[in-house]
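Colleague: One structure follows; several queries about it will come next.
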Amino acid sequence: MATVSIPTTRARLLGRPRAKTGLWSWLTTVDHKRIGIMYGFAAFFFFLAGGVEALLIRVQLAGPEGRVLSAEAYNQIFTMHGVTMIFLVVMPFGAALINYLVPLQIGARDVAFPRLNAFSFWAFLAGGLFLYSSFFLGGAPNGGWFGYPPNASTDPSPGMTFYAIGLTITGIASTASAINLGVTIINMRAPGMSLFRMPVFSWMALVTQFLLIFSLPIITVALIQLLFDRRFGTHFFDPVAGGDPILWQHLFWLFGHPEVYILILPAMGIVSEILPVFSRKPLFGYQFVVFSGIAIGFIGFGVWAHHMFAAGLGPVANTAFGLSTMIIAVPTGVKIFNWLATLWRGDVRFRVPMLFAIGFVSQFVVGGLSGVTHAVVPADYNQTDTYYIVAHFHYVLFGGAIFAFFGAFYYWWPKVFGRMLDERVGKAVFWLLFVGFNLTFAPMHILGLQGMPRRIYQYPDGFGWNLWNLAATVGAFIIAVGVLVFLVQAAASFRRPKDAPADPWDARTLEWSIPSPPPEHNFDEIPVVHALDDWWHRKYAEDRGGVIHPVPAGGAEGPGTGHGEAGAGHGILLPSPSYYPILASLGLPLVGYGVMYERLWWLAVLGGLWVAAALYGWALEPSAEEG
Amino acid sequence: MRKLRTVRLAGAAAALALLLASCAENAPQDSLRPAGPYQEEIHRLFVPVFWVAAAIFFLVQGALVYFLYRYRHRPGREGIPPQVHGNTRLEIAWTIAPALILAFVAVPTVTTIFDLARRPSGDVLHVQVVGHQWWWEFRYTDPAYDTGQGPLTTANQLHVPVGRTVELTLTADPQDVLGAGNAVIHSFWAGRLFGKQDVVPGRENRIVFSADEPGVYPGQCYEFCGLSHAWMRFEIVAQTQEDFEAWVRAQLQPAVAPAGGLAARGLDVFTGPLSSGLGTCIACHTIRGVETAAGKGGPDLTHLASRDCFAGCKFRLTEENLRAWLRDPPAMKEGSFMPNYRLTDEEIDALVAFLLTLR
C-alpha cells in the first residue's frame, strides 16, 4: 500500500498571525464568538448612523414645509436610512447573534468554515463603509432603498451607482455567511442534537440561511443590471430601448420579500428562547413553531407582487398574490398563539429581556394585522406608498425585530461579556423605547389613510397631517433617548467586574452550560444531547405529570467551569487566525471604486488581482495548525 | 404589573381616539371619506376588514395582558410550573380559525378586485393622464373634445362632471411626450375618489372613477419620482354638468392675442428670443391661437389663467406667484426643468400681464 505523506511545511505567502490579544488578534480572528461581537458592534455603529438619519427625517417633517433639509439631502437621507437599517443593521444584528450563539446552541466548537466567516464580516463592513463613503464622493444613494428605475437608473448623481456596487459587496458577504452557517447547522451539531432537539433560534437561523441563499442571487442580478444601465449604457430597465422598469420590481421584490423574513425570523427565534425561560415553561408547541417558521420561509417566496398591486399587473395576478399574502398570515398567527400559550400557567418574571419579548409579541401583532389589510388588494390601492405602509413595516421591523434584538442584548449580554446589565436601567430603556416607538409609528397609520405619501421632503399645510407628524417627531426623540441610555449602560457595564454566573436566568439551552464568557474552545467536552432543552433537563427531571424535580448533583448545582487557556490540556485543535480573510475582503471595495470611476478602471483590475492573490494564499494555508 | 396594564389600556383608548380623530374634516386627501362610488366600494370592503382586525387585536392583546397578570411571578412562590409542551388539538384549531377568517375576507376581496378592473361602458369620459417630472398633463381624448389641433389639453387641474364615469389612461411614455424631464414611474391618487395606480413608462394603466358632489378633490404623485416628488400635486375639479360644459366650451377656444399694451408686449416676449439669449418660451410651451407657440416640453398654457394652481399645484395661480416663478423657477421648486432664464423686470412684467389674459 502506498503511504500518503503529509508535508509539514507548505509554500505560503504570509505567516500565521500570532497576536492573542489587541487589535491584530481581532483583525485576524476566526473565532465565531469574536466575529459575532464584531458584527454586533459594527451593526450598532450603523444603527446609530441610521438613527441620526431617522431623526433628520423627523425634524424635517415635524411641521409643514420643513426647511432643515433640501429635497436632494432628504432623498439621500431617507434612502440611506432604509438601506442602512435593512442591510447594515437588522441583517448584521441577526448575523451577530447567529454567529455567536448557534455553535454554542448546537454544541459545536466553531462554524464549519471559520476563515470564510471572518471574510463575511470584513466584506460586510467593507460594503457598508463603501456605501457610506458616497456621502463624501458626490452624494449618497437617493433613489430609495427599493431603487426603482427609470428614476434610479437615470438620476445623474453617483449615489445609485454606490448603491448597486455597495449592496453587491454586502451580498457577497451575506452569501458566504449563509452557506457557512447553513453547513454548520446541518453538519456540526453535537451527538444527539437531532434537528428536532435544536433550539428554535438555531432553527430560525437555519431557515434564514436558506432564504438568503435562494434570494440573494436574484437581487445580485438586478443590481448588476442596474449598474450596467447606469455605467455602461445598457437598457435593461429603459422602455424606450425595449427594456422594462417592471422587470426590476419583480426581481427586487422576489428578493425583497424573502428579505423581510430574513430580518424577522431570527427575531422570532429570539423571542421563542426568551419567553419560555422567563415563564419557566417549555415553548408551547415547539414543533408547530418550527414548522410555521419553515412554512413562512417557503410561502415568503410566493408573495412578492403584493408590493406591486398598483403597478398594473392585472386582476388575476393581484388576486393570486393577495391570496398568498393572506395565507402567510396563518403560520404567523400560529407562532403568536404558541407564544401566548407559553405564558399560560407559567411563572412569569418581568426581567428586561422578557419585557422586550412581550413588547415584540404585542407590537408584531399590530404589524401583522396591518399586513393582512394590505392583502385586501383594493384596500392596498389606498394604502400603498402612504405612511400607512411606513407604520406597518416599522411595527414589524422596529416593534418586532429591533425589540427582539434589544431583548437578545439583555438576555445574552452576561453570556457574551461576562457582566450583568442593570435591571432598573434596562427597564427604563424598555419603557422609553416602548412609548417612543408607539408614539412615533402609531400615528403614521392615520397619516397614511389620510393620504400622506411616503418619501416626500415637504408637505403642505391644511391636509390634516400636522399634528400626527409632530407627535411622531416627539416619539422619535424619545426613542433616541432610550437608545442613548442603553449605549451608556452598555459602555458602563465594561467597567463592572466580570462576575456574571454561567446560567443567570436558569435557562434551557446549551450555551448556558458553559462559563460566561465562554472559553475560546466553547465546550471542554462536546456535550451529548438527550433531549430538547437539554441543559434544562440536566438540571431538572420531569415526572409523567410534567412536575419538575431538581436533579441531585445535576447541572442545577452549577455548570462546569472552563479550563483556562484555549484547549489547553484537552488536545483541542482550534482553527488558527489568518490574515487572508480581511485581505481578500479589502480588495472588494477597490474593485467597486474601479467600476465607479472611468479614470480608475485600473483599480478594478488591481482589486481583482488583490482578491485572487489573497484567495490563493488562503488556499495554501491549512485551516488549523499547532501554534 | 398594574402599571403595564394601565399603559396598555391607555394605549388602546388612545388608538380608538386616534381612529376617531382620523376622520377629521380638514383632510382633503382622506381615503376614509369616500366622495364617489369607486372609493365607496373599497371603503365598504375595508371597514369590515378593519373591524375584524380590531377584534383580533383586542383579543390577542387582551389575552396577552391577562396571562401576564394572571401568571405573574408572586413573591414567595416556590417550585416550577407544570411543564406543558403543547396540545395538538389546540394547534389545529388556531391554524384553522385564522384560515377561516381569512377565507371570509378573501371572497369579497377577490370580487372587488375584478369589479374595479372592469372597463366601464356607456357614457364615459376618457382622459389620458401623463406624468411628467413634476407635473401632470390631462388630455381629453374623446372626439367631442377635439380642438382641431389634437385633444383638449390642460395641466394639474382635471375637470370632470359629477356623476359621470371617468376612465383615466395613465402613461409616462417618453416616445409619446417629449417632456423636459425623464420618463419615470409615478402614481396617481386622489384619496377621496379612487384607489391609486402607478404611471409606468411604456405601459398603460387605468383608473375608473366618478365624483358624487361638485368640489375640489386634491391628490398627488405617490411613487417616488425624484427631487420634487413632494410637489407633484393635482386637483380634480368636479363640476355640475352645465359648469363642466361651459368650461369645455371655453377651453376649446384658442387663445385671443391681446390687442395692445403690456400684454401685447408680453406676447412678443413669449414668442421671441429672450433678452438673456438663453432661449425662448415657445420651445417648450404650446398656446393654441399663437401660431409659433407649439412646444411640447412643458404644460400647454392656452388657458393658463383659468387654472387655480400651477407647477404641479405647488402654487396658487396669482400674479405674485407667477412673477416669483418667472424670476427663478428652480429656486421656487427644487429640480424644476424650467431653468432660470434671467428675465429682466420688464420682461417679467410683460409676460405676467400676457399670461393673465389666457383665461
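Following the order of the C-alpha cells, chains are lettered A, B, ..., residues in each are numbered from 1, and ligands are numbered from 1.
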Quick one: which chain B residues come within 7 Å of chain A, and what is the nearest atom pair for each with the distance in Å to one decimal, counting only C-alpha atoms, rows ordered by chain and ascending number, as JSON lines?
Modeller:
```
{"residue": "B:Ser22", "atom": "CA", "partner": "A:Ile446", "partner_atom": "CA", "distance": 5.8}
{"residue": "B:Asn26", "atom": "CA", "partner": "A:Gly464", "partner_atom": "CA", "distance": 5.5}
{"residue": "B:Ala27", "atom": "CA", "partner": "A:Phe463", "partner_atom": "CA", "distance": 4.5}
{"residue": "B:Pro28", "atom": "CA", "partner": "A:Phe463", "partner_atom": "CA", "distance": 5.9}
{"residue": "B:Gln29", "atom": "CA", "partner": "A:Gly451", "partner_atom": "CA", "distance": 5.1}
{"residue": "B:Asp30", "atom": "CA", "partner": "A:Gln450", "partner_atom": "CA", "distance": 3.8}
{"residue": "B:Ser31", "atom": "CA", "partner": "A:Leu449", "partner_atom": "CA", "distance": 5.6}
{"residue": "B:Leu32", "atom": "CA", "partner": "A:Leu449", "partner_atom": "CA", "distance": 6.6}
{"residue": "B:Ile42", "atom": "CA", "partner": "A:Pro378", "partner_atom": "CA", "distance": 5.9}
{"residue": "B:Phe46", "atom": "CA", "partner": "A:Ala379", "partner_atom": "CA", "distance": 5.9}
{"residue": "B:Ala53", "atom": "CA", "partner": "A:Leu369", "partner_atom": "CA", "distance": 5.9}
{"residue": "B:Gln61", "atom": "CA", "partner": "A:Ser362", "partner_atom": "CA", "distance": 6.4}
{"residue": "B:Leu64", "atom": "CA", "partner": "A:Leu340", "partner_atom": "CA", "distance": 6.3}
{"residue": "B:Phe67", "atom": "CA", "partner": "A:Trp344", "partner_atom": "CA", "distance": 5.9}
{"residue": "B:Leu68", "atom": "CA", "partner": "A:Val348", "partner_atom": "CA", "distance": 6.8}
{"residue": "B:Tyr71", "atom": "CA", "partner": "A:Asp347", "partner_atom": "CA", "distance": 5.6}
{"residue": "B:Arg72", "atom": "CA", "partner": "A:Val348", "partner_atom": "CA", "distance": 4.5}
{"residue": "B:His73", "atom": "CA", "partner": "A:Asp347", "partner_atom": "CA", "distance": 5.0}
{"residue": "B:Ile80", "atom": "CA", "partner": "A:Ile548", "partner_atom": "CA", "distance": 6.4}
{"residue": "B:Pro81", "atom": "CA", "partner": "A:Gly346", "partner_atom": "CA", "distance": 5.8}
{"residue": "B:Pro82", "atom": "CA", "partner": "A:Gly546", "partner_atom": "CA", "distance": 5.2}
{"residue": "B:Gln83", "atom": "CA", "partner": "A:Gly546", "partner_atom": "CA", "distance": 4.8}
{"residue": "B:Val84", "atom": "CA", "partner": "A:Gly546", "partner_atom": "CA", "distance": 6.7}
{"residue": "B:His85", "atom": "CA", "partner": "A:Phe284", "partner_atom": "CA", "distance": 5.1}
{"residue": "B:Gly86", "atom": "CA", "partner": "A:Gly285", "partner_atom": "CA", "distance": 4.3}
{"residue": "B:Asn87", "atom": "CA", "partner": "A:Gly285", "partner_atom": "CA", "distance": 6.8}
{"residue": "B:Trp94", "atom": "CA", "partner": "A:Val334", "partner_atom": "CA", "distance": 6.4}
{"residue": "B:Thr95", "atom": "CA", "partner": "A:Val334", "partner_atom": "CA", "distance": 6.1}
{"residue": "B:Pro98", "atom": "CA", "partner": "A:Val330", "partner_atom": "CA", "distance": 6.1}
{"residue": "B:Ala99", "atom": "CA", "partner": "A:Val330", "partner_atom": "CA", "distance": 6.2}
{"residue": "B:Leu102", "atom": "CA", "partner": "A:Met326", "partner_atom": "CA", "distance": 6.5}
{"residue": "B:Ala106", "atom": "CA", "partner": "A:Leu323", "partner_atom": "CA", "distance": 6.9}
{"residue": "B:Thr109", "atom": "CA", "partner": "A:Val376", "partner_atom": "CA", "distance": 5.6}
{"residue": "B:Val110", "atom": "CA", "partner": "A:Thr319", "partner_atom": "CA", "distance": 6.0}
{"residue": "B:Thr112", "atom": "CA", "partner": "A:Pro378", "partner_atom": "CA", "distance": 6.9}
{"residue": "B:Ile113", "atom": "CA", "partner": "A:Pro315", "partner_atom": "CA", "distance": 6.0}
{"residue": "B:Phe114", "atom": "CA", "partner": "A:Pro315", "partner_atom": "CA", "distance": 5.8}
{"residue": "B:Ala117", "atom": "CA", "partner": "A:Pro315", "partner_atom": "CA", "distance": 6.4}
{"residue": "B:Pro174", "atom": "CA", "partner": "A:Val240", "partner_atom": "CA", "distance": 7.0}
{"residue": "B:Gln175", "atom": "CA", "partner": "A:Val240", "partner_atom": "CA", "distance": 6.9}
{"residue": "B:Val184", "atom": "CA", "partner": "A:Pro150", "partner_atom": "CA", "distance": 5.2}
{"residue": "B:Gly191", "atom": "CA", "partner": "A:Gly451", "partner_atom": "CA", "distance": 6.0}
{"residue": "B:Gly195", "atom": "CA", "partner": "A:Tyr381", "partner_atom": "CA", "distance": 4.7}
{"residue": "B:Lys196", "atom": "CA", "partner": "A:Tyr381", "partner_atom": "CA", "distance": 5.1}
{"residue": "B:Gln197", "atom": "CA", "partner": "A:Ala310", "partner_atom": "CA", "distance": 4.5}
{"residue": "B:Asp198", "atom": "CA", "partner": "A:Ala311", "partner_atom": "CA", "distance": 5.0}
{"residue": "B:Pro201", "atom": "CA", "partner": "A:Pro239", "partner_atom": "CA", "distance": 6.4}
{"residue": "B:Gly202", "atom": "CA", "partner": "A:Pro239", "partner_atom": "CA", "distance": 5.4}
{"residue": "B:Asn205", "atom": "CA", "partner": "A:Gly312", "partner_atom": "CA", "distance": 5.8}
{"residue": "B:Tyr222", "atom": "CA", "partner": "A:Pro453", "partner_atom": "CA", "distance": 5.5}
{"residue": "B:Glu223", "atom": "CA", "partner": "A:Asp385", "partner_atom": "CA", "distance": 6.4}
{"residue": "B:Phe224", "atom": "CA", "partner": "A:Arg455", "partner_atom": "CA", "distance": 6.3}
{"residue": "B:Cys225", "atom": "CA", "partner": "A:Asn151", "partner_atom": "CA", "distance": 6.1}
{"residue": "B:Gly226", "atom": "CA", "partner": "A:Asn151", "partner_atom": "CA", "distance": 6.6}
{"residue": "B:Leu227", "atom": "CA", "partner": "A:Ala71", "partner_atom": "CA", "distance": 5.7}
{"residue": "B:Ser228", "atom": "CA", "partner": "A:Ala71", "partner_atom": "CA", "distance": 6.9}
{"residue": "B:His229", "atom": "CA", "partner": "A:Ile456", "partner_atom": "CA", "distance": 6.3}
{"residue": "B:Ala230", "atom": "CA", "partner": "A:Ile456", "partner_atom": "CA", "distance": 4.4}
{"residue": "B:Glu334", "atom": "CA", "partner": "A:Ala71", "partner_atom": "CA", "distance": 6.8}
```
Colleague: Skip Pro214 of chain B itself and residues of its chain fewer than 6 positions away, then list as a VMD selection string all residues within 12 Å of it, counting only C-alpha atoms.
Modeller: chain B and resid 35 to 36 159 to 164 236 to 244
Colleague: If DSSP is run on the backbone, what residues of segment 112-149 of chain B are alpha helix (DSSP H)? A reply as an MDAnalysis selection string would be ideal.
Modeller: chainID B and resid 112:117
Colleague: Find the residue from A:His392, A:Ile274, A:Ile582, A:Pro414 that sits nearest to Ser516 of chain A; use only C-alpha atoms when measuring.
Modeller: A:Pro414
Colleague: Could you state the separation of atom CA of His306 of chain A and atom CA of His257 of chain A in Å, given to one decimal place?
Modeller: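 Computed distance, atom CA of His306 of chain A to atom CA of His257 of chain A, equals 9.1 Å.
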Colleague: Go through B:Gly266, B:Gly312, B:Pro273, B:Gly298 and flag the residue nearest Leu358 of chain B, using only C-alpha atoms for the distances.
Modeller: B:Gly266
Colleague: Return as a PyMOL selection string the full set of residues in segment 69-231 of chain B whose backbone-based DSSP assignment is strand (DSSP E).
Modeller: chain B and resi 124-132+135-140+152-155+157-161+165-171+186-189+197-199+205-209+215-221
Colleague: Point out the residue among A:Asn180, A:Gln249, A:Gln225, A:Thr440 with the least atom-to-atom distance to Val474 of chain A, counting only C-alpha atoms.
Modeller: A:Thr440
Colleague: Report as a count of residues only all protein, DNA and RNA residues lying within 7 Å of Glu204 of chain B, evaluated on only C-alpha atoms, omitting residues in the same chain fewer than 2 positions from it.
Modeller: 4
Colleague: Within 7 Å of segment 109-113 of chain A, counting only C-alpha atoms, which residues show up once you throw out same-chain ones fewer than 6 positions away? Write them as a ChimeraX atom specification, please.
Modeller: /A:31-32,103,180-181,183-184,521-523
Colleague: Check the smallest atom-to-atom distance from each of A:Leu467, A:Ala476, A:Val290, A:Ala500 to Phe201 of chain A using only C-alpha atoms, then report the winner.
Modeller: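 Smallest distance to Phe201 of chain A is found for A:Val290.
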Colleague: Any idea what's packed within 12 Å of Phe41 of chain A, counting only C-alpha atoms, ignoring anything in its chain fewer than 2 positions away? Could you give it as a count of residues only?
Modeller: 25
Colleague: Name the residues in contact with Thr147 of chain B at a cut-off of 9 Å, using only C-alpha atoms, excluding same-chain residues fewer than 2 positions from it; report them as JSON, numbers by chain.
Modeller: {"B": [144, 145, 149, 150, 151, 152, 153, 251, 252, 253, 254, 288]}
Colleague: Any chance you can output those residues with C-alpha atoms as a PDB file, in the first residue's frame?
Modeller:
```pdb
ATOM      1  CA  ALA B 144     -66.132  65.769 -28.557  1.00  0.00           C
ATOM      2  CA  TYR B 145     -63.114  67.474 -27.020  1.00  0.00           C
ATOM      3  CA  GLN B 149     -55.100  70.632 -33.114  1.00  0.00           C
ATOM      4  CA  GLY B 150     -55.334  67.494 -31.078  1.00  0.00           C
ATOM      5  CA  PRO B 151     -57.217  66.744 -27.874  1.00  0.00           C
ATOM      6  CA  LEU B 152     -58.124  69.393 -25.339  1.00  0.00           C
ATOM      7  CA  THR B 153     -55.061  69.506 -23.103  1.00  0.00           C
ATOM      8  CA  GLN B 251     -61.170  75.565 -23.167  1.00  0.00           C
ATOM      9  CA  LEU B 252     -61.847  74.576 -26.778  1.00  0.00           C
ATOM     10  CA  GLN B 253     -61.411  78.183 -27.849  1.00  0.00           C
ATOM     11  CA  PRO B 254     -57.959  79.215 -28.947  1.00  0.00           C
ATOM     12  CA  ARG B 288     -53.298  77.394 -29.257  1.00  0.00           C
TER      13      ARG B 288
END
```
